[in-house]
Amino acid sequence: MEIKVLGTGCKKCKTLEDITKQAVTESGIDATVIKVEDMLEIMKLGVLTTPALVINGKVLVKGRVPSLTEVKELIQQ
């Protein structure tokens, strides 16, 4: 599973990255978490507001920081 956290480095983006890594660890799944800060790459995915969470190429959350529970649910789907 490939999980991308999109964001330019703001506090919310870093929070989403931390929550995502924690969710992966607690869920015990095999996933790679990648932080994407390049605005061109972010825009290629159709995201205009960050932070955003992309799982296996699909944008599932954008413009907000989801809870740990929500991220766990998203990665287990």
# chains A, B, ... in the order shown; residues from 1 in each chain; ligands from 1

$ select_by_dssp --residues "stretch 11-59 of chain A" --states "strand (DSSP E)" --output "list in words"
Thr32, Val33, Ile34, Lys35, Val36, Ala52, Leu53, Val54, Ile55, Lys58 and Val59 of chain A

$ residues_around --residues "stretch 39-49 of chain A" --least-positions-apart "3" --cutoff "10 Å" --atoms "only C-alpha atoms" --output "list in words"
Lys4, Val5, Leu6, Gly7, Thr8, Val36, Ala52, Leu53, Val54, Gly57, Lys58, Val59, Val61, Lys62, Gly63 and Arg64 of chain A

$ write_last_selection --atoms "C-alpha atoms" --output "mmCIF file, in the first residue's frame"
data_model
loop_
_atom_site.group_PDB
_atom_site.id
_atom_site.type_symbol
_atom_site.label_atom_id
_atom_site.label_comp_id
_atom_site.auth_asym_id
_atom_site.auth_seq_id
_atom_site.Cartn_x
_atom_site.Cartn_y
_atom_site.Cartn_z
ATOM 1 C CA LYS A 4 1.013 9.973 0.315
ATOM 2 C CA VAL A 5 0.679 12.943 2.631
ATOM 3 C CA LEU A 6 0.462 16.085 0.536
ATOM 4 C CA GLY A 7 1.493 19.396 2.015
ATOM 5 C CA THR A 8 4.082 22.123 1.881
ATOM 6 C CA VAL A 36 4.994 15.125 -0.957
ATOM 7 C CA ALA A 52 -4.324 15.927 1.793
ATOM 8 C CA LEU A 53 -4.166 12.156 2.127
ATOM 9 C CA VAL A 54 -3.786 9.894 -0.902
ATOM 10 C CA GLY A 57 -3.461 6.923 -5.925
ATOM 11 C CA LYS A 58 -6.880 8.021 -4.679
ATOM 12 C CA VAL A 59 -7.338 11.358 -2.875
ATOM 13 C CA VAL A 61 -9.009 13.634 2.393
ATOM 14 C CA LYS A 62 -8.105 17.205 1.491
ATOM 15 C CA GLY A 63 -8.081 20.540 3.227
ATOM 16 C CA ARG A 64 -8.276 19.166 6.774
#

$ residues_around --residues "A:Ile75" --least-positions-apart "2" --cutoff "8 Å" --atoms "only C-alpha atoms" --output "NGL selection string"
:A and (24 or 55 or 71-73 or 77)

$ closest_residue --among "A:Glu2, A:Gly9, A:Glu70, A:Leu60" --to "A:Ala31" --atoms "only C-alpha atoms"
A:Glu2

$ select_by_dssp --residues "stretch 4-67 of chain A" --states "helix (DSSP H, G or I)" --output "PyMOL selection string"
chain A and resi 11-27+39-44

$ write_last_selection --atoms "N, CA and C atoms" --output "PDB file, in the first residue's frame"
ATOM      1  N   LYS A  11       2.081  23.332   9.765  1.00  0.00           N
ATOM      2  CA  LYS A  11       1.820  22.551  10.978  1.00  0.00           C
ATOM      3  C   LYS A  11       0.773  21.464  10.744  1.00  0.00           C
ATOM      4  N   LYS A  12      -0.295  21.790  10.022  1.00  0.00           N
ATOM      5  CA  LYS A  12      -1.348  20.805   9.758  1.00  0.00           C
ATOM      6  C   LYS A  12      -0.822  19.658   8.899  1.00  0.00           C
ATOM      7  N   CYS A  13       0.044  19.985   7.952  1.00  0.00           N
ATOM      8  CA  CYS A  13       0.613  18.948   7.086  1.00  0.00           C
ATOM      9  C   CYS A  13       1.489  17.994   7.893  1.00  0.00           C
ATOM     10  N   LYS A  14       2.287  18.540   8.797  1.00  0.00           N
ATOM     11  CA  LYS A  14       3.140  17.708   9.639  1.00  0.00           C
ATOM     12  C   LYS A  14       2.298  16.861  10.590  1.00  0.00           C
ATOM     13  N   THR A  15       1.206  17.435  11.089  1.00  0.00           N
ATOM     14  CA  THR A  15       0.309  16.683  11.972  1.00  0.00           C
ATOM     15  C   THR A  15      -0.300  15.502  11.227  1.00  0.00           C
ATOM     16  N   LEU A  16      -0.742  15.724   9.989  1.00  0.00           N
ATOM     17  CA  LEU A  16      -1.322  14.635   9.200  1.00  0.00           C
ATOM     18  C   LEU A  16      -0.284  13.551   8.936  1.00  0.00           C
ATOM     19  N   GLU A  17       0.947  13.931   8.668  1.00  0.00           N
ATOM     20  CA  GLU A  17       2.006  12.944   8.450  1.00  0.00           C
ATOM     21  C   GLU A  17       2.217  12.098   9.709  1.00  0.00           C
ATOM     22  N   ASP A  18       2.260  12.741  10.862  1.00  0.00           N
ATOM     23  CA  ASP A  18       2.449  12.018  12.121  1.00  0.00           C
ATOM     24  C   ASP A  18       1.284  11.071  12.407  1.00  0.00           C
ATOM     25  N   ILE A  19       0.062  11.557  12.213  1.00  0.00           N
ATOM     26  CA  ILE A  19      -1.132  10.732  12.442  1.00  0.00           C
ATOM     27  C   ILE A  19      -1.131   9.530  11.497  1.00  0.00           C
ATOM     28  N   THR A  20      -0.762   9.763  10.254  1.00  0.00           N
ATOM     29  CA  THR A  20      -0.758   8.687   9.259  1.00  0.00           C
ATOM     30  C   THR A  20       0.258   7.614   9.625  1.00  0.00           C
ATOM     31  N   LYS A  21       1.450   8.030  10.007  1.00  0.00           N
ATOM     32  CA  LYS A  21       2.476   7.057  10.414  1.00  0.00           C
ATOM     33  C   LYS A  21       2.029   6.271  11.643  1.00  0.00           C
ATOM     34  N   GLN A  22       1.393   6.949  12.578  1.00  0.00           N
ATOM     35  CA  GLN A  22       0.898   6.272  13.778  1.00  0.00           C
ATOM     36  C   GLN A  22      -0.193   5.265  13.411  1.00  0.00           C
ATOM     37  N   ALA A  23      -1.100   5.652  12.517  1.00  0.00           N
ATOM     38  CA  ALA A  23      -2.184   4.762  12.099  1.00  0.00           C
ATOM     39  C   ALA A  23      -1.632   3.508  11.424  1.00  0.00           C
ATOM     40  N   VAL A  24      -0.616   3.677  10.589  1.00  0.00           N
ATOM     41  CA  VAL A  24      -0.001   2.533   9.905  1.00  0.00           C
ATOM     42  C   VAL A  24       0.639   1.594  10.929  1.00  0.00           C
ATOM     43  N   THR A  25       1.373   2.164  11.870  1.00  0.00           N
ATOM     44  CA  THR A  25       2.032   1.362  12.899  1.00  0.00           C
ATOM     45  C   THR A  25       1.023   0.603  13.750  1.00  0.00           C
ATOM     46  N   GLU A  26      -0.002   1.301  14.216  1.00  0.00           N
ATOM     47  CA  GLU A  26      -1.000   0.671  15.085  1.00  0.00           C
ATOM     48  C   GLU A  26      -1.849  -0.359  14.352  1.00  0.00           C
ATOM     49  N   SER A  27      -2.035  -0.173  13.050  1.00  0.00           N
ATOM     50  CA  SER A  27      -2.851  -1.113  12.276  1.00  0.00           C
ATOM     51  C   SER A  27      -2.052  -2.339  11.856  1.00  0.00           C
ATOM     52  N   MET A  39       4.672  21.403  -4.960  1.00  0.00           N
ATOM     53  CA  MET A  39       3.342  21.886  -5.350  1.00  0.00           C
ATOM     54  C   MET A  39       2.915  21.380  -6.727  1.00  0.00           C
ATOM     55  N   LEU A  40       3.837  21.217  -7.649  1.00  0.00           N
ATOM     56  CA  LEU A  40       3.474  20.696  -8.968  1.00  0.00           C
ATOM     57  C   LEU A  40       2.945  19.267  -8.865  1.00  0.00           C
ATOM     58  N   GLU A  41       3.599  18.449  -8.046  1.00  0.00           N
ATOM     59  CA  GLU A  41       3.125  17.071  -7.830  1.00  0.00           C
ATOM     60  C   GLU A  41       1.758  17.072  -7.153  1.00  0.00           C
ATOM     61  N   ILE A  42       1.586  17.951  -6.183  1.00  0.00           N
ATOM     62  CA  ILE A  42       0.307  18.049  -5.474  1.00  0.00           C
ATOM     63  C   ILE A  42      -0.799  18.455  -6.439  1.00  0.00           C
ATOM     64  N   MET A  43      -0.513  19.444  -7.281  1.00  0.00           N
ATOM     65  CA  MET A  43      -1.521  19.922  -8.236  1.00  0.00           C
ATOM     66  C   MET A  43      -1.844  18.874  -9.301  1.00  0.00           C
ATOM     67  N   LYS A  44      -0.868  18.033  -9.648  1.00  0.00           N
ATOM     68  CA  LYS A  44      -1.118  16.957 -10.619  1.00  0.00           C
ATOM     69  C   LYS A  44      -2.184  15.987 -10.108  1.00  0.00           C
TER      70      LYS A  44
END

$ atom_distance --atom1 "atom CA of A:Thr32" --atom2 "atom CA of A:Leu74"
14.6 Å

$ atom_distance --atom1 "atom CA of A:Ile34" --atom2 "atom CA of A:Ser67"
18.6 Å

$ closest_residue --among "A:Gly28, A:Asp38, A:Gln76, A:Cys10" --to "A:Asn56" --atoms "only C-alpha atoms"
A:Gln76
